[in-house]
Amino acid sequence: MTDSWVNSAEILGSDLPLELSGTGNRRALLMAALREAVRSGRLAPGTRLPPYRSLAADLGLARNTVADAYAELVAEGWLAARQGSGTRVAERAVPVTPVHRPRTPERPARPVHDLVQGQPDPSVFPRTAWLASARRALAAAPDDAFGPGDPHGRPELRRALAGYLARVRGVRAAPERIVLCSGAAHGLRLLAEVVGGPWAAEEYGLPFHRELLASHGVGTRPLGVDADGARVDGLTRRDRAVLLTPAHQFPTGGPLHPARRAAVVDWARSTGGLVVEDDYDGEFRYDRQPVGAVQGLDPEHVVLVGSVSKSLSPALRIGWMVLPQRLVAPVVTAKGEREQFSSATEQLALADFVESGAYDRQVRRMRQRHRRRRDQLVAALERRAPHVRVTGIAAGLHAVVELPPGTERSAVRAAAWQGLAVEGLGDYLHPGAEHPSRATLVPHRDGLVVGYATPAESAYPEALEALCRSLPPVSPPVPAPPPPPAVL
């Protein structure tokens, strides 16, 4: 084992300095190159690496960038650091056999930027206001709040939600029709057990919801989706229920057309079917008036399912179902004799949070923040990629960046190489939507589902830059065919 160290070219090859001169994440690129050098055998176990100051100077990087890369690779077990001995390649029980192949940059081990839809930035949780509500709720809590829980949920929260949902979403419900659950997924699980199948579902939607229903013996079949929302004319008498996102179709965007809202209620009345309305982001409207819940049209044939996962945090495992009267008892029975899913103290805190007006203030604050984020996304794409179209931006926490046909998967891969986590629109397509036997087959649309709520403020601009770098270039125009020769 030598006391001298190898130089940067021996460690990383000749191309990395050029890669580090670009705009990608330099720490991730450096770590990827070091891992590849160890994996390929170019750096043998025990090889001493340059001090981070020397390597930083060689590569033109900040010292902290190299120091952080060394520290993380030590934590991962690739390198070993010992006082007085410097940083070396970790010893292994079996030496790595050198493999000679062209070196390519490795995908970063973890995404640097996150534009996956689904959750708000956790740093904006209203801690001070929530703590004040929790203190007031605990001080005023009746003794029975600390005993076995009622599977209906705390009456304080059911009363608060009944008032809030009537005022904000046009829901028609007494507290007795509200059953609390641990989130929308829990609500769907209970409804699957009570209602049975089969269900119809929008051809674009959360795979997790379809898989959850299938795990409880409820199959789903796809309904087409267009600019007016779900094609509810495809419902049949065989369908026991239909799962919709009528306020803002997930993930393509846009509300369910008024005529289709009336049509789906008529279907439920005539067949005895059930409309399950997933109100996942009903509070977040930017460029249009709020769209009331379908439940308001017919409370006896529509279930409204909601939660605080988008408005507050998915860490608060609190959701609700506003049920037809005939389903309250079966759902409570399916839930069990005691509340075992949502904390009674958190339910009490949320009840105070709603009734004190803090929930309204938080929603307004988040609406302004998300609208600003959305506008930044649109502006960045107009500036850097004017050839792409952005849709579904009038509401919600995400947008769809439409792409030229056949480019979605390559764009997702390009994003991964940029250290960006983002999903393709095809990831949400129902498996049965492209079955050759389906008469209303619609070709798959290419696009990226871009969640703009998750990143911290400081990280968002760089995440948008990574997104723009991942998009396919402008397609070259197809040359016009030459004019036919003149006839003499």
# chains A, B, ... in the order shown; residues from 1 in each chain; ligands from 1
>>> residues_around(residues="A:Gly272", least_positions_apart="4", cutoff="8 Å", atoms="only C-alpha atoms", output="PyMOL selection string")
chain A and resi 240+267-268+301
>>> write_last_selection(atoms="N, CA, C and O atoms", output="PDB file, in the first residue's frame")
ATOM      1  N   ARG A 240     -71.056  -1.899 -10.701  1.00  0.00           N
ATOM      2  CA  ARG A 240     -71.590  -1.623  -9.373  1.00  0.00           C
ATOM      3  C   ARG A 240     -71.261  -0.201  -8.919  1.00  0.00           C
ATOM      4  O   ARG A 240     -71.988   0.387  -8.118  1.00  0.00           O
ATOM      5  N   TRP A 267     -77.329   7.729 -14.379  1.00  0.00           N
ATOM      6  CA  TRP A 267     -76.945   6.307 -14.442  1.00  0.00           C
ATOM      7  C   TRP A 267     -77.069   5.662 -13.069  1.00  0.00           C
ATOM      8  O   TRP A 267     -77.611   4.549 -12.931  1.00  0.00           O
ATOM      9  N   ALA A 268     -76.562   6.344 -12.018  1.00  0.00           N
ATOM     10  CA  ALA A 268     -76.616   5.768 -10.678  1.00  0.00           C
ATOM     11  C   ALA A 268     -78.053   5.572 -10.214  1.00  0.00           C
ATOM     12  O   ALA A 268     -78.401   4.539  -9.616  1.00  0.00           O
ATOM     13  N   HIS A 301     -76.712   8.710  -3.937  1.00  0.00           N
ATOM     14  CA  HIS A 301     -76.068   7.850  -4.942  1.00  0.00           C
ATOM     15  C   HIS A 301     -74.593   8.198  -5.173  1.00  0.00           C
ATOM     16  O   HIS A 301     -73.965   7.625  -6.069  1.00  0.00           O
TER      17      HIS A 301
END
>>> select_by_dssp(residues="stretch 294-424 of chain A", states="alpha helix (DSSP H)", output="ChimeraX atom specification")
/A:325-335,344-355,358-384,408-417
>>> residues_around(residues="A:Ala160", least_positions_apart="2", cutoff="9 Å", atoms="only C-alpha atoms", output="list in words")
Pro155, Glu156, Leu157, Arg158, Ala162, Gly163, Tyr164, Leu165, Pro175, Leu350, Ala351, Asp352, Val354 and Glu355 of chain A
>>> closest_residue(among="A:Val112, A:Ala334, A:Cys468, A:Ala411", to="A:Gly447", atoms="only C-alpha atoms")
A:Ala411
>>> atom_distance(atom1="atom CA of A:Val218", atom2="atom CA of A:Val264")
20.1 Å
>>> closest_residue(among="A:Glu457, A:Asp226, A:Glu339, A:Glu203", to="A:Asp427", atoms="only C-alpha atoms")
A:Glu203
>>> residues_around(residues="A:Gly424", least_positions_apart="5", cutoff="8 Å", atoms="only C-alpha atoms", output="NGL selection string")
:A and (408-409 or 412 or 446-449)
>>> select_by_dssp(residues="stretch 377-427 of chain A", states="strand (DSSP E)", output="list of chain:residue names")
A:Arg389, A:Val390, A:Thr391, A:His398, A:Ala399, A:Val400, A:Val401, A:Glu402, A:Leu420, A:Ala421, A:Glu423, A:Gly424
>>> write_last_selection(atoms="all heavy atoms", output="PDB file, in the first residue's frame")
ATOM      1  N   ARG A 389     -46.581  21.806 -25.069  1.00  0.00           N
ATOM      2  CA  ARG A 389     -47.840  22.384 -24.591  1.00  0.00           C
ATOM      3  C   ARG A 389     -48.093  21.919 -23.161  1.00  0.00           C
ATOM      4  O   ARG A 389     -47.871  20.745 -22.840  1.00  0.00           O
ATOM      5  CB  ARG A 389     -48.979  21.943 -25.510  1.00  0.00           C
ATOM      6  CG  ARG A 389     -50.355  22.472 -25.138  1.00  0.00           C
ATOM      7  CD  ARG A 389     -51.341  22.190 -26.262  1.00  0.00           C
ATOM      8  NE  ARG A 389     -52.709  22.514 -25.895  1.00  0.00           N
ATOM      9  CZ  ARG A 389     -53.628  21.616 -25.578  1.00  0.00           C
ATOM     10  NH1 ARG A 389     -53.324  20.323 -25.610  1.00  0.00           N
ATOM     11  NH2 ARG A 389     -54.855  21.992 -25.247  1.00  0.00           N
ATOM     12  N   VAL A 390     -48.535  22.835 -22.312  1.00  0.00           N
ATOM     13  CA  VAL A 390     -48.813  22.513 -20.918  1.00  0.00           C
ATOM     14  C   VAL A 390     -50.326  22.531 -20.714  1.00  0.00           C
ATOM     15  O   VAL A 390     -50.991  23.503 -21.076  1.00  0.00           O
ATOM     16  CB  VAL A 390     -48.150  23.507 -19.957  1.00  0.00           C
ATOM     17  CG1 VAL A 390     -48.258  23.014 -18.515  1.00  0.00           C
ATOM     18  CG2 VAL A 390     -46.696  23.729 -20.323  1.00  0.00           C
ATOM     19  N   THR A 391     -50.878  21.471 -20.123  1.00  0.00           N
ATOM     20  CA  THR A 391     -52.327  21.376 -19.931  1.00  0.00           C
ATOM     21  C   THR A 391     -52.634  21.033 -18.478  1.00  0.00           C
ATOM     22  O   THR A 391     -51.750  20.661 -17.701  1.00  0.00           O
ATOM     23  CB  THR A 391     -52.932  20.310 -20.856  1.00  0.00           C
ATOM     24  OG1 THR A 391     -52.354  19.035 -20.536  1.00  0.00           O
ATOM     25  CG2 THR A 391     -52.673  20.626 -22.312  1.00  0.00           C
ATOM     26  N   HIS A 398     -50.372  19.773 -10.023  1.00  0.00           N
ATOM     27  CA  HIS A 398     -49.494  19.269 -11.075  1.00  0.00           C
ATOM     28  C   HIS A 398     -50.006  19.754 -12.429  1.00  0.00           C
ATOM     29  O   HIS A 398     -51.124  20.265 -12.542  1.00  0.00           O
ATOM     30  CB  HIS A 398     -49.439  17.737 -11.050  1.00  0.00           C
ATOM     31  CG  HIS A 398     -50.702  17.091 -11.542  1.00  0.00           C
ATOM     32  ND1 HIS A 398     -51.772  16.834 -10.729  1.00  0.00           N
ATOM     33  CD2 HIS A 398     -51.083  16.678 -12.781  1.00  0.00           C
ATOM     34  CE1 HIS A 398     -52.744  16.283 -11.425  1.00  0.00           C
ATOM     35  NE2 HIS A 398     -52.354  16.174 -12.690  1.00  0.00           N
ATOM     36  N   ALA A 399     -49.161  19.609 -13.437  1.00  0.00           N
ATOM     37  CA  ALA A 399     -49.524  19.924 -14.815  1.00  0.00           C
ATOM     38  C   ALA A 399     -49.036  18.790 -15.703  1.00  0.00           C
ATOM     39  O   ALA A 399     -48.175  17.995 -15.313  1.00  0.00           O
ATOM     40  CB  ALA A 399     -48.903  21.248 -15.253  1.00  0.00           C
ATOM     41  N   VAL A 400     -49.592  18.724 -16.898  1.00  0.00           N
ATOM     42  CA  VAL A 400     -49.146  17.738 -17.882  1.00  0.00           C
ATOM     43  C   VAL A 400     -48.402  18.475 -18.992  1.00  0.00           C
ATOM     44  O   VAL A 400     -48.935  19.403 -19.601  1.00  0.00           O
ATOM     45  CB  VAL A 400     -50.332  16.952 -18.474  1.00  0.00           C
ATOM     46  CG1 VAL A 400     -49.859  16.038 -19.609  1.00  0.00           C
ATOM     47  CG2 VAL A 400     -51.007  16.121 -17.387  1.00  0.00           C
ATOM     48  N   VAL A 401     -47.163  18.081 -19.215  1.00  0.00           N
ATOM     49  CA  VAL A 401     -46.363  18.627 -20.314  1.00  0.00           C
ATOM     50  C   VAL A 401     -46.494  17.653 -21.480  1.00  0.00           C
ATOM     51  O   VAL A 401     -45.969  16.539 -21.439  1.00  0.00           O
ATOM     52  CB  VAL A 401     -44.885  18.790 -19.908  1.00  0.00           C
ATOM     53  CG1 VAL A 401     -44.059  19.312 -21.081  1.00  0.00           C
ATOM     54  CG2 VAL A 401     -44.766  19.728 -18.711  1.00  0.00           C
ATOM     55  N   GLU A 402     -47.247  18.046 -22.491  1.00  0.00           N
ATOM     56  CA  GLU A 402     -47.491  17.167 -23.619  1.00  0.00           C
ATOM     57  C   GLU A 402     -46.250  17.098 -24.510  1.00  0.00           C
ATOM     58  O   GLU A 402     -45.596  18.112 -24.771  1.00  0.00           O
ATOM     59  CB  GLU A 402     -48.698  17.652 -24.409  1.00  0.00           C
ATOM     60  CG  GLU A 402     -49.990  17.611 -23.592  1.00  0.00           C
ATOM     61  CD  GLU A 402     -51.223  17.887 -24.434  1.00  0.00           C
ATOM     62  OE1 GLU A 402     -51.067  18.224 -25.618  1.00  0.00           O
ATOM     63  OE2 GLU A 402     -52.342  17.758 -23.894  1.00  0.00           O
ATOM     64  N   LEU A 420     -33.441  14.082 -11.956  1.00  0.00           N
ATOM     65  CA  LEU A 420     -34.794  14.587 -11.761  1.00  0.00           C
ATOM     66  C   LEU A 420     -35.786  13.435 -11.718  1.00  0.00           C
ATOM     67  O   LEU A 420     -35.829  12.607 -12.621  1.00  0.00           O
ATOM     68  CB  LEU A 420     -35.164  15.542 -12.900  1.00  0.00           C
ATOM     69  CG  LEU A 420     -36.615  16.026 -12.959  1.00  0.00           C
ATOM     70  CD1 LEU A 420     -36.931  16.903 -11.759  1.00  0.00           C
ATOM     71  CD2 LEU A 420     -36.873  16.781 -14.257  1.00  0.00           C
ATOM     72  N   ALA A 421     -36.582  13.381 -10.671  1.00  0.00           N
ATOM     73  CA  ALA A 421     -37.656  12.400 -10.567  1.00  0.00           C
ATOM     74  C   ALA A 421     -38.931  13.011 -11.135  1.00  0.00           C
ATOM     75  O   ALA A 421     -39.410  14.030 -10.636  1.00  0.00           O
ATOM     76  CB  ALA A 421     -37.868  11.990  -9.118  1.00  0.00           C
ATOM     77  N   GLU A 423     -42.633  11.628 -13.639  1.00  0.00           N
ATOM     78  CA  GLU A 423     -43.318  10.454 -14.173  1.00  0.00           C
ATOM     79  C   GLU A 423     -43.945  10.751 -15.528  1.00  0.00           C
ATOM     80  O   GLU A 423     -44.329  11.893 -15.808  1.00  0.00           O
ATOM     81  CB  GLU A 423     -44.406   9.993 -13.195  1.00  0.00           C
ATOM     82  CG  GLU A 423     -43.836   9.481 -11.881  1.00  0.00           C
ATOM     83  CD  GLU A 423     -44.908   9.231 -10.849  1.00  0.00           C
ATOM     84  OE1 GLU A 423     -45.830  10.052 -10.726  1.00  0.00           O
ATOM     85  OE2 GLU A 423     -44.803   8.198 -10.146  1.00  0.00           O
ATOM     86  N   GLY A 424     -44.053   9.714 -16.345  1.00  0.00           N
ATOM     87  CA  GLY A 424     -44.703   9.830 -17.636  1.00  0.00           C
ATOM     88  C   GLY A 424     -46.206   9.660 -17.507  1.00  0.00           C
ATOM     89  O   GLY A 424     -46.700   8.968 -16.608  1.00  0.00           O
TER      90      GLY A 424
END
>>> closest_residue(among="A:Leu243, A:Val291, A:Leu180, A:Val89", to="A:Val308", atoms="only C-alpha atoms")
A:Leu180
